[in-house]
$ cat coords28.pdb   # PDB, C-alpha atoms and all ligand atoms
ATOM      1  CA  MET A   1       0.000   0.000   0.000
ATOM      2  CA  ASP A   2       3.080   2.227   0.090
ATOM      3  CA  ASN A   3       2.641   4.263  -3.075
ATOM      4  CA  PRO A   4       4.806   7.378  -2.933
ATOM      5  CA  ASP A   5       2.814   9.123  -5.672
ATOM      6  CA  ARG A   6      -0.400   8.979  -3.673
ATOM      7  CA  THR A   7      -1.729  11.648  -1.341
ATOM      8  CA  PRO A   8      -2.622   9.938   1.927
ATOM      9  CA  ILE A   9      -5.461  11.728   3.705
ATOM     10  CA  GLY A  10      -6.025  10.555   7.272
ATOM     11  CA  VAL A  11      -9.664  10.251   8.334
ATOM     12  CA  ASP A  12     -10.472  10.176  12.037
ATOM     13  CA  LEU A  13     -13.972   9.032  12.970
ATOM     14  CA  GLY A  14     -15.763  10.285  16.057
ATOM     15  CA  GLU A  15     -19.015  11.452  17.556
ATOM     16  CA  TYR A  16     -18.127  15.144  18.024
ATOM     17  CA  ASN A  17     -16.599  15.236  14.559
ATOM     18  CA  LEU A  18     -18.029  12.431  12.484
ATOM     19  CA  TYR A  19     -15.227  12.689   9.914
ATOM     20  CA  THR A  20     -12.044  14.723  10.325
ATOM     21  CA  ALA A  21      -9.709  14.595   7.331
ATOM     22  CA  CYS A  22      -6.147  15.853   6.995
ATOM     23  CA  PRO A  23      -3.458  15.095   4.392
ATOM     24  CA  ALA A  24      -0.065  13.921   5.660
ATOM     25  CA  THR A  25       1.728  16.751   3.904
ATOM     26  CA  MET A  26      -0.364  19.592   5.347
ATOM     27  CA  PRO A  27       1.960  22.008   7.205
ATOM     28  CA  ASP A  28      -0.893  23.345   9.327
ATOM     29  CA  TRP A  29      -4.634  22.839   9.644
ATOM     30  CA  THR A  30      -5.857  25.340   7.051
ATOM     31  CA  GLY A  31      -6.647  22.577   4.546
ATOM     32  CA  ALA A  32      -8.071  20.082   7.017
ATOM     33  CA  TYR A  33     -11.726  19.218   6.815
ATOM     34  CA  ARG A  34     -14.324  18.159   9.341
ATOM     35  CA  ILE A  35     -17.942  17.139   9.341
ATOM     36  CA  SER A  36     -19.769  17.553  12.622
ATOM     37  CA  GLY A  37     -21.418  14.521  14.213
ATOM     38  CA  ASP A  38     -23.932  16.604  16.172
ATOM     39  CA  GLU A  39     -26.851  16.030  13.838
ATOM     40  CA  ILE A  40     -26.553  12.273  13.510
ATOM     41  CA  CYS A  41     -25.866  11.832  17.242
ATOM     42  CA  ALA A  42     -29.040  13.783  18.038
ATOM     43  CA  HIS A  43     -30.982  11.536  15.641
ATOM     44  CA  LEU A  44     -29.587   8.404  17.268
ATOM     45  CA  ASP A  45     -30.427   9.644  20.776
ATOM     46  CA  ASP A  46     -33.940  10.525  19.657
ATOM     47  CA  LEU A  47     -34.392   7.139  18.001
ATOM     48  CA  ARG A  48     -33.359   5.324  21.155
ATOM     49  CA  GLU A  49     -35.856   7.302  23.238
ATOM     50  CA  ARG A  50     -38.691   6.670  20.786
ATOM     51  CA  VAL A  51     -37.954   2.963  20.517
ATOM     52  CA  ALA A  52     -37.985   2.698  24.326
ATOM     53  CA  VAL A  53     -41.443   4.288  24.342
ATOM     54  CA  LEU A  54     -42.656   1.957  21.572
ATOM     55  CA  LEU A  55     -41.289  -1.145  23.297
ATOM     56  CA  ALA A  56     -43.011  -0.130  26.541
ATOM     57  CA  SER A  57     -46.306   0.406  24.725
ATOM     58  CA  ASP A  58     -48.757  -2.047  23.163
ATOM     59  CA  SER A  59     -47.116  -1.692  19.736
ATOM     60  CA  ASP A  60     -46.565  -5.010  18.033
ATOM     61  CA  ARG A  61     -43.096  -6.112  17.028
ATOM     62  CA  ASP A  62     -43.626  -5.527  13.296
ATOM     63  CA  THR A  63     -44.555  -1.898  13.933
ATOM     64  CA  VAL A  64     -41.405  -1.304  15.937
ATOM     65  CA  VAL A  65     -39.223  -3.060  13.366
ATOM     66  CA  ALA A  66     -40.750  -1.055  10.491
ATOM     67  CA  TYR A  67     -40.217   2.183  12.392
ATOM     68  CA  VAL A  68     -36.552   1.361  13.106
ATOM     69  CA  ARG A  69     -36.009   0.298   9.504
ATOM     70  CA  GLN A  70     -37.306   3.633   8.227
ATOM     71  CA  ARG A  71     -35.246   5.666  10.682
ATOM     72  CA  ARG A  72     -32.159   3.558   9.927
ATOM     73  CA  ALA A  73     -32.535   4.374   6.221
ATOM     74  CA  GLU A  74     -32.601   8.087   7.105
ATOM     75  CA  LEU A  75     -29.480   7.690   9.229
ATOM     76  CA  LEU A  76     -27.686   5.960   6.354
ATOM     77  CA  GLU A  77     -28.663   8.786   4.013
ATOM     78  CA  THR A  78     -27.129  11.276   6.437
ATOM     79  CA  LEU A  79     -23.947   9.201   6.684
ATOM     80  CA  ASP A  80     -23.728   8.818   2.916
ATOM     81  CA  GLY A  81     -24.147  12.556   2.452
ATOM     82  CA  ALA A  82     -21.261  13.165   4.852
ATOM     83  CA  ALA A  83     -19.136  10.513   3.146
ATOM     84  CA  ARG A  84     -19.850  12.061  -0.273
ATOM     85  CA  ALA A  85     -18.795  15.490   1.005
ATOM     86  CA  LEU A  86     -15.584  13.940   2.313
ATOM     87  CA  CYS A  87     -14.871  12.181  -0.991
ATOM     88  CA  GLU A  88     -15.410  15.425  -2.895
ATOM     89  CA  TYR A  89     -12.942  17.142  -0.564
ATOM     90  CA  ALA A  90     -10.434  14.315  -1.111
ATOM     91  CA  SER A  91     -10.910  14.327  -4.881
ATOM     92  CA  ALA A  92      -9.325  17.779  -5.051
ATOM     93  CA  TYR A  93      -6.001  16.126  -4.173
ATOM     94  CA  ASP A  94      -3.790  14.221  -6.585
ATOM     95  CA  ARG A  95      -4.460  10.451  -6.334
ATOM     96  CA  PRO A  96      -5.951  10.605  -2.855
ATOM     97  CA  VAL A  97      -6.037   7.640  -0.464
ATOM     98  CA  LEU A  98      -8.328   7.841   2.535
ATOM     99  CA  VAL A  99      -6.477   6.327   5.493
ATOM    100  CA  THR A 100      -8.552   5.079   8.413
ATOM    101  CA  GLU A 101      -7.998   3.055  11.563
ATOM    102  CA  ASP A 102      -7.949  -0.712  11.137
ATOM    103  CA  ASN A 103     -10.650  -1.421  13.711
ATOM    104  CA  HIS A 104     -13.285  -3.676  12.230
ATOM    105  CA  TYR A 105     -16.423  -4.547  14.084
ATOM    106  CA  GLU A 106     -20.002  -5.064  13.081
ATOM    107  CA  PRO A 107     -22.409  -2.172  13.563
ATOM    108  CA  ASP A 108     -25.355  -3.279  15.711
ATOM    109  CA  LEU A 109     -28.154  -0.727  15.805
ATOM    110  CA  TRP A 110     -30.375  -2.901  17.998
ATOM    111  CA  ALA A 111     -27.635  -3.039  20.623
ATOM    112  CA  TRP A 112     -27.653   0.755  20.789
ATOM    113  CA  LEU A 113     -31.450   0.869  20.887
ATOM    114  CA  THR A 114     -32.083  -1.817  23.484
ATOM    115  CA  ASP A 115     -28.931  -2.309  25.575
ATOM    116  CA  PRO A 116     -28.771   0.312  28.353
ATOM    117  CA  ASP A 117     -24.997  -0.123  28.562
ATOM    118  CA  ALA A 118     -24.382   0.272  24.830
ATOM    119  CA  HIS A 119     -22.282   3.216  23.693
ATOM    120  CA  ARG A 120     -23.659   5.090  20.701
ATOM    121  CA  GLY A 121     -20.353   5.263  18.872
ATOM    122  CA  THR A 122     -18.996   1.787  19.476
ATOM    123  CA  ALA A 123     -22.353   0.005  19.085
ATOM    124  CA  TRP A 124     -23.246   1.456  15.708
ATOM    125  CA  LEU A 125     -22.224   4.915  14.597
ATOM    126  CA  LEU A 126     -18.479   4.662  14.044
ATOM    127  CA  ALA A 127     -18.561   1.166  12.589
ATOM    128  CA  MET A 128     -21.307   2.168  10.151
ATOM    129  CA  ALA A 129     -19.608   5.480   9.324
ATOM    130  CA  HIS A 130     -16.520   3.469   8.393
ATOM    131  CA  LEU A 131     -18.482   1.021   6.227
ATOM    132  CA  ARG A 132     -20.398   3.784   4.432
ATOM    133  CA  LEU A 133     -17.205   5.755   3.819
ATOM    134  CA  ARG A 134     -15.684   2.707   2.118
ATOM    135  CA  ALA A 135     -18.798   2.157   0.000
ATOM    136  CA  VAL A 136     -19.107   5.799  -1.058
ATOM    137  CA  ALA A 137     -15.358   6.063  -1.739
ATOM    138  CA  ALA A 138     -15.702   3.132  -4.145
ATOM    139  CA  GLU A 139     -18.357   5.095  -6.062
ATOM    140  CA  TYR A 140     -15.902   7.981  -6.327
ATOM    141  CA  ALA A 141     -13.049   5.613  -7.253
ATOM    142  CA  VAL A 142     -11.176   6.943  -4.227
ATOM    143  CA  GLU A 143      -8.876   4.358  -2.642
ATOM    144  CA  VAL A 144      -9.250   3.529   1.056
ATOM    145  CA  ALA A 145      -6.467   2.035   3.206
ATOM    146  CA  THR A 146      -6.353   1.079   6.855
ATOM    147  CA  VAL A 147      -3.440   1.456   9.252
ATOM    148  CA  PRO A 148      -2.979   0.329  12.881
ATOM    149  CA  GLU A 149      -4.949   2.513  15.245
ATOM    150  CA  THR A 150      -2.711   2.031  18.297
ATOM    151  CA  HIS A 151      -2.147   5.387  20.025
ATOM    152  CA  SER A 152      -3.268   7.293  16.912
ATOM    153  CA  SER A 153      -5.443   9.529  19.079
ATOM    154  CA  GLN A 154      -2.702  10.043  21.668
ATOM    155  CA  GLU A 155       0.578  10.653  19.887
ATOM    156  CA  CYS A 156       1.772  14.028  18.650
ATOM    157  CA  HIS A 157       1.720  14.191  14.836
ATOM    158  CA  ARG A 158       4.998  16.101  14.778
ATOM    159  CA  CYS A 159       7.319  14.266  17.176
ATOM    160  CA  GLY A 160       5.512  11.003  17.948
ATOM    161  CA  VAL A 161       5.603  11.444  21.736
ATOM    162  CA  ILE A 162       2.435  10.387  23.540
ATOM    163  CA  GLY A 163       0.564  13.484  24.641
ATOM    164  CA  ASP A 164      -2.101  14.048  27.227
ATOM    165  CA  ARG A 165      -5.634  15.323  26.942
ATOM    166  CA  PRO A 166      -6.065  18.193  29.407
ATOM    167  CA  GLN A 167      -9.393  18.863  27.732
ATOM    168  CA  ASP A 168     -11.490  16.441  25.800
ATOM    169  CA  LYS A 169     -10.899  17.941  22.373
ATOM    170  CA  THR A 170      -7.278  19.000  22.787
ATOM    171  CA  LEU A 171      -4.035  17.041  22.728
ATOM    172  CA  ARG A 172      -1.036  18.546  24.550
ATOM    173  CA  CYS A 173       2.473  17.481  23.513
ATOM    174  CA  PRO A 174       4.755  17.197  26.571
ATOM    175  CA  ASN A 175       7.980  17.121  24.524
ATOM    176  CA  PRO A 176       9.888  20.374  25.287
ATOM    177  CA  ASP A 177      11.807  20.052  22.007
ATOM    178  CA  CYS A 178       8.634  19.885  19.896
ATOM    179  CA  ARG A 179       7.055  23.095  18.701
ATOM    180  CA  VAL A 180       3.577  21.630  19.015
ATOM    181  CA  ASP A 181       1.993  22.682  22.273
ATOM    182  CA  ARG A 182      -1.715  22.021  21.944
ATOM    183  CA  VAL A 183      -3.554  20.776  18.881
ATOM    184  CA  HIS A 184      -7.127  19.827  18.171
ATOM    185  CA  ALA A 185      -7.169  16.114  18.991
ATOM    186  CA  ASP A 186      -9.227  15.064  15.953
ATOM    187  CA  TYR A 187      -7.054  16.960  13.456
ATOM    188  CA  ASN A 188      -3.967  15.519  15.115
ATOM    189  CA  ALA A 189      -5.339  11.953  14.921
ATOM    190  CA  ALA A 190      -6.242  12.371  11.242
ATOM    191  CA  LYS A 191      -2.723  13.538  10.467
ATOM    192  CA  VAL A 192      -1.142  10.665  12.429
ATOM    193  CA  LEU A 193      -3.232   8.164  10.436
ATOM    194  CA  ALA A 194      -2.204   9.811   7.156
ATOM    195  CA  GLN A 195       1.480   9.614   8.138
ATOM    196  CA  ARG A 196       1.142   5.912   8.917
ATOM    197  CA  TYR A 197       0.261   5.189   5.292
ATOM    198  CA  HIS A 198       3.960   5.200   4.479
ATOM    199  CA  PRO A 199       5.568   2.534   6.715
ATOM    200  CA  GLY A 200       8.712   3.543   8.514
ATOM    201  CA  GLN A 201       7.690   7.156   8.980
ATOM    202  CA  ARG A 202       8.385   8.680  12.332
ATOM    203  CA  CYS A 203       4.923   8.272  13.733
ATOM    204  CA  THR A 204       4.605   4.521  13.355
ATOM    205  CA  TYR A 205       4.178   2.928  16.770
ATOM    206  CA  ARG A 206       6.022   5.407  18.932
ATOM    207  CA  SER A 207       5.639   4.443  22.558
ATOM    208  CA  PRO A 208       5.651   6.952  25.413
ATOM    209  CA  PRO A 209       9.047   7.601  27.004
ATOM    210  CA  PRO A 210       9.535   5.241  29.960
ATOM    211  CA  VAL A 211       9.461   6.738  33.429
ATOM    212  CA  THR A 212      12.373   4.590  34.541
ATOM    213  CA  PRO A 213      14.568   2.197  32.540
ATOM    214  CA  GLY A 214      12.858  -0.715  34.290
ATOM    215  CA  GLU A 215       9.493   0.392  32.952
ATOM    216  CA  ARG A 216      10.584   0.624  29.332
ATOM    217  CA  PRO A 217       7.747  -0.713  27.185
ATOM    218  CA  ALA A 218       8.396  -3.479  24.680
ATOM    219  CA  LEU A 219       9.751  -2.135  21.410
ATOM    220  CA  VAL A 220       7.713  -2.798  18.329
ATOM    221  CA  ALA A 221       9.300  -2.955  14.908
ATOM    222  CA  ASP A 222       7.856  -0.780  12.188
ATOM    223  CA  GLY A 223       5.115  -2.664  10.417
ATOM    224  CA  GLY A 224       4.860  -5.305  13.143
ATOM    225  CA  PRO A 225       1.786  -5.995  15.203
ATOM    226  CA  PRO A 226       1.173  -3.475  17.979
ATOM    227  CA  GLN A 227       1.756  -4.758  21.487
ATOM    228  CA  PRO A 228      -1.079  -4.328  23.967
ATOM    229  CA  GLN A 229      -0.512  -1.415  26.307
ATOM    230  CA  PRO A 230      -2.249  -0.952  29.656
ATOM    231  CA  ASP A 231      -3.842   2.283  28.475
ATOM    232  CA  ASP A 232      -5.346   0.871  25.282
ATOM    233  CA  ALA A 233      -8.847   0.621  26.704
TER     234      ALA A 233
HETATM  235 ZN    ZN A 301       5.234  16.835  19.762
END

$ encode --input "coords28.pdb" --output "structure tokens"
Amino acid sequence: MDNPDRTPIGVDLGEYNLYTACPATMPDWTGAYRISGDEICAHLDDLRERVAVLLASDSDRDTVVAYVRQRRAELLETLDGAARALCEYASAYDRPVLVTEDNHYEPDLWAWLTDPDAHRGTAWLLAMAHLRLRAVAAEYAVEVATVPETHSSQECHRCGVIGDRPQDKTLRCPNPDCRVDRVHADYNAAKVLAQRYHPGQRCTYRSPPPVTPGERPALVADGGPPQPQPDDA
């Protein structure tokens, strides 16, 4: 997948920002692109509330299923519209490749609707947003690649050191030699993913600096499988 003539564009998926896209070569964030997740999250919350009311009522199962099916189709239209906007953004670049995390799991809308412990993003939204992005990108003949997700939302795009999140949407780089202080976490993650398209680049699998030599984490070779870290959860 290492094609030097391509333009890798990292795509971070989330609830606050449904899609955040940034090319690896972007010197700053002026050309980055984001699509808010507010609207679709509000729809999903509303759907869960309405289904709870229906399930507690005398409605028969077929009525509930038909209602969910119709609302699901509307949700997919919203996702496809966002994915099309993203593909049009990407198409302005020369031979773009959308680079996403390699997490694959099955979207389960019923889990979100009926399991009180289900998380909106992990149960359905992000998995489906990923699937729809791949499908829509195929219509646009835009290539999609996946790269390991390990620490992609935590490491600084510039120096590779693991940062901290003093606020939810901000990543702070603790490296005194790095000129990045605080960056928007979603833009940073998108750029890290884009950089990982070319194996061997600085950002591949950089672990946080050990506190003491005895706590040095296991080294991982470029391109090798990521080792589980205690803070992966
Ligand atoms: Zn840094």

$ residues_around --input "coords28.pdb" --residues "Ala141 of chain A" --least-positions-apart "6" --cutoff "12 Å" --atoms "all atoms listed in the file" --output "PyMOL selection string"
chain A and resi 84+87-88+90-91+95-98+133-135

$ closest_residue --input "coords28.pdb" --among "A:Ala118, A:Val183, A:Leu44, A:Leu75" --to "ligand ZN 301 (chain A)" --atoms "all atoms listed in the file"
A:Val183

$ closest_atom_pairs --input "coords28.pdb" --of "chain A" --to "ligand ZN 301 (chain A)" --cutoff "7 Å" --atoms "only C-alpha atoms and all ligand atoms" --output "tab-separated table"
residue	atom	partner	partner_atom	distance
A:Cys156	CA	A:ZN301	ZN	4.6
A:His157	CA	A:ZN301	ZN	6.6
A:Arg158	CA	A:ZN301	ZN	5.0
A:Cys159	CA	A:ZN301	ZN	4.2
A:Gly160	CA	A:ZN301	ZN	6.1
A:Val161	CA	A:ZN301	ZN	5.8
A:Cys173	CA	A:ZN301	ZN	4.7
A:Pro174	CA	A:ZN301	ZN	6.8
A:Asn175	CA	A:ZN301	ZN	5.5
A:Cys178	CA	A:ZN301	ZN	4.6
A:Arg179	CA	A:ZN301	ZN	6.6
A:Val180	CA	A:ZN301	ZN	5.1

$ atom_distance --input "coords28.pdb" --atom1 "atom CA of Pro176 of chain A" --atom2 "atom CA of Glu101 of chain A"
28.4 Å

$ resolve_selection --input "coords28.pdb" --expression "the PyMOL selection byres (((chain A and resi 123) around 10) and not hetatm)" --output "number ranges by chain"
A: 105-113, 115, 117-122, 124-128

$ resolve_selection --input "coords28.pdb" --expression "the PyMOL selection byres (((chain A and resi 78) around 12) and not hetatm)" --output "PyMOL selection string"
chain A and resi 18+35-41+43-44+71-77+79-85+125+128-129+132-133

$ closest_residue --input "coords28.pdb" --among "A:Arg182, A:His151, A:Pro23, A:Gly163" --to "Tyr197 of chain A" --atoms "only C-alpha atoms"
A:Pro23

$ build_atoms --input "coords28.pdb" --residues "segment 71-96 of chain A" --atoms "N, CA and C atoms" --output "mmCIF file, keeping the file's coordinate frame"
data_model
loop_
_atom_site.group_PDB
_atom_site.id
_atom_site.type_symbol
_atom_site.label_atom_id
_atom_site.label_comp_id
_atom_site.auth_asym_id
_atom_site.auth_seq_id
_atom_site.Cartn_x
_atom_site.Cartn_y
_atom_site.Cartn_z
ATOM 1 N N ARG A 71 -36.185 4.709 10.087
ATOM 2 C CA ARG A 71 -35.246 5.666 10.682
ATOM 3 C C ARG A 71 -33.798 5.302 10.344
ATOM 4 N N ARG A 72 -33.514 3.997 10.280
ATOM 5 C CA ARG A 72 -32.159 3.558 9.927
ATOM 6 C C ARG A 72 -31.814 4.024 8.509
ATOM 7 N N ALA A 73 -32.779 3.930 7.599
ATOM 8 C CA ALA A 73 -32.535 4.374 6.221
ATOM 9 C C ALA A 73 -32.209 5.872 6.192
ATOM 10 N N GLU A 74 -32.888 6.643 7.044
ATOM 11 C CA GLU A 74 -32.601 8.087 7.105
ATOM 12 C C GLU A 74 -31.193 8.340 7.657
ATOM 13 N N LEU A 75 -30.825 7.553 8.666
ATOM 14 C CA LEU A 75 -29.480 7.690 9.229
ATOM 15 C C LEU A 75 -28.416 7.370 8.175
ATOM 16 N N LEU A 76 -28.658 6.330 7.391
ATOM 17 C CA LEU A 76 -27.686 5.960 6.354
ATOM 18 C C LEU A 76 -27.590 7.043 5.283
ATOM 19 N N GLU A 77 -28.711 7.684 4.975
ATOM 20 C CA GLU A 77 -28.663 8.786 4.013
ATOM 21 C C GLU A 77 -27.801 9.925 4.531
ATOM 22 N N THR A 78 -27.952 10.215 5.828
ATOM 23 C CA THR A 78 -27.129 11.276 6.437
ATOM 24 C C THR A 78 -25.655 10.905 6.376
ATOM 25 N N LEU A 79 -25.347 9.650 6.720
ATOM 26 C CA LEU A 79 -23.947 9.201 6.684
ATOM 27 C C LEU A 79 -23.405 9.252 5.258
ATOM 28 N N ASP A 80 -24.206 8.814 4.304
ATOM 29 C CA ASP A 80 -23.728 8.818 2.916
ATOM 30 C C ASP A 80 -23.492 10.243 2.415
ATOM 31 N N GLY A 81 -24.346 11.160 2.839
ATOM 32 C CA GLY A 81 -24.147 12.556 2.452
ATOM 33 C C GLY A 81 -22.831 13.089 3.002
ATOM 34 N N ALA A 82 -22.530 12.737 4.248
ATOM 35 C CA ALA A 82 -21.261 13.165 4.852
ATOM 36 C C ALA A 82 -20.086 12.508 4.141
ATOM 37 N N ALA A 83 -20.226 11.224 3.828
ATOM 38 C CA ALA A 83 -19.136 10.513 3.146
ATOM 39 C C ALA A 83 -18.918 11.077 1.740
ATOM 40 N N ARG A 84 -20.002 11.460 1.068
ATOM 41 C CA ARG A 84 -19.850 12.061 -0.273
ATOM 42 C C ARG A 84 -19.115 13.408 -0.186
ATOM 43 N N ALA A 85 -19.478 14.198 0.832
ATOM 44 C CA ALA A 85 -18.795 15.490 1.005
ATOM 45 C C ALA A 85 -17.297 15.267 1.243
ATOM 46 N N LEU A 86 -16.992 14.239 2.022
ATOM 47 C CA LEU A 86 -15.584 13.940 2.313
ATOM 48 C C LEU A 86 -14.854 13.485 1.045
ATOM 49 N N CYS A 87 -15.502 12.659 0.238
ATOM 50 C CA CYS A 87 -14.871 12.181 -0.991
ATOM 51 C C CYS A 87 -14.664 13.321 -1.987
ATOM 52 N N GLU A 88 -15.591 14.280 -1.999
ATOM 53 C CA GLU A 88 -15.410 15.425 -2.895
ATOM 54 C C GLU A 88 -14.232 16.281 -2.423
ATOM 55 N N TYR A 89 -14.112 16.437 -1.123
ATOM 56 C CA TYR A 89 -12.942 17.142 -0.564
ATOM 57 C C TYR A 89 -11.659 16.415 -0.990
ATOM 58 N N ALA A 90 -11.649 15.086 -0.818
ATOM 59 C CA ALA A 90 -10.434 14.315 -1.111
ATOM 60 C C ALA A 90 -10.101 14.341 -2.597
ATOM 61 N N SER A 91 -11.129 14.396 -3.429
ATOM 62 C CA SER A 91 -10.910 14.327 -4.881
ATOM 63 C C SER A 91 -10.165 15.543 -5.415
ATOM 64 N N ALA A 92 -10.086 16.599 -4.620
ATOM 65 C CA ALA A 92 -9.325 17.779 -5.051
ATOM 66 C C ALA A 92 -7.822 17.516 -4.992
ATOM 67 N N TYR A 93 -7.426 16.450 -4.285
ATOM 68 C CA TYR A 93 -6.001 16.126 -4.173
ATOM 69 C C TYR A 93 -5.608 15.138 -5.266
ATOM 70 N N ASP A 94 -4.311 15.086 -5.551
ATOM 71 C CA ASP A 94 -3.790 14.221 -6.585
ATOM 72 C C ASP A 94 -3.713 12.784 -6.059
ATOM 73 N N ARG A 95 -4.437 11.871 -6.697
ATOM 74 C CA ARG A 95 -4.460 10.451 -6.334
ATOM 75 C C ARG A 95 -4.635 10.257 -4.824
ATOM 76 N N PRO A 96 -5.751 10.681 -4.304
ATOM 77 C CA PRO A 96 -5.951 10.605 -2.855
ATOM 78 C C PRO A 96 -6.178 9.171 -2.368
#
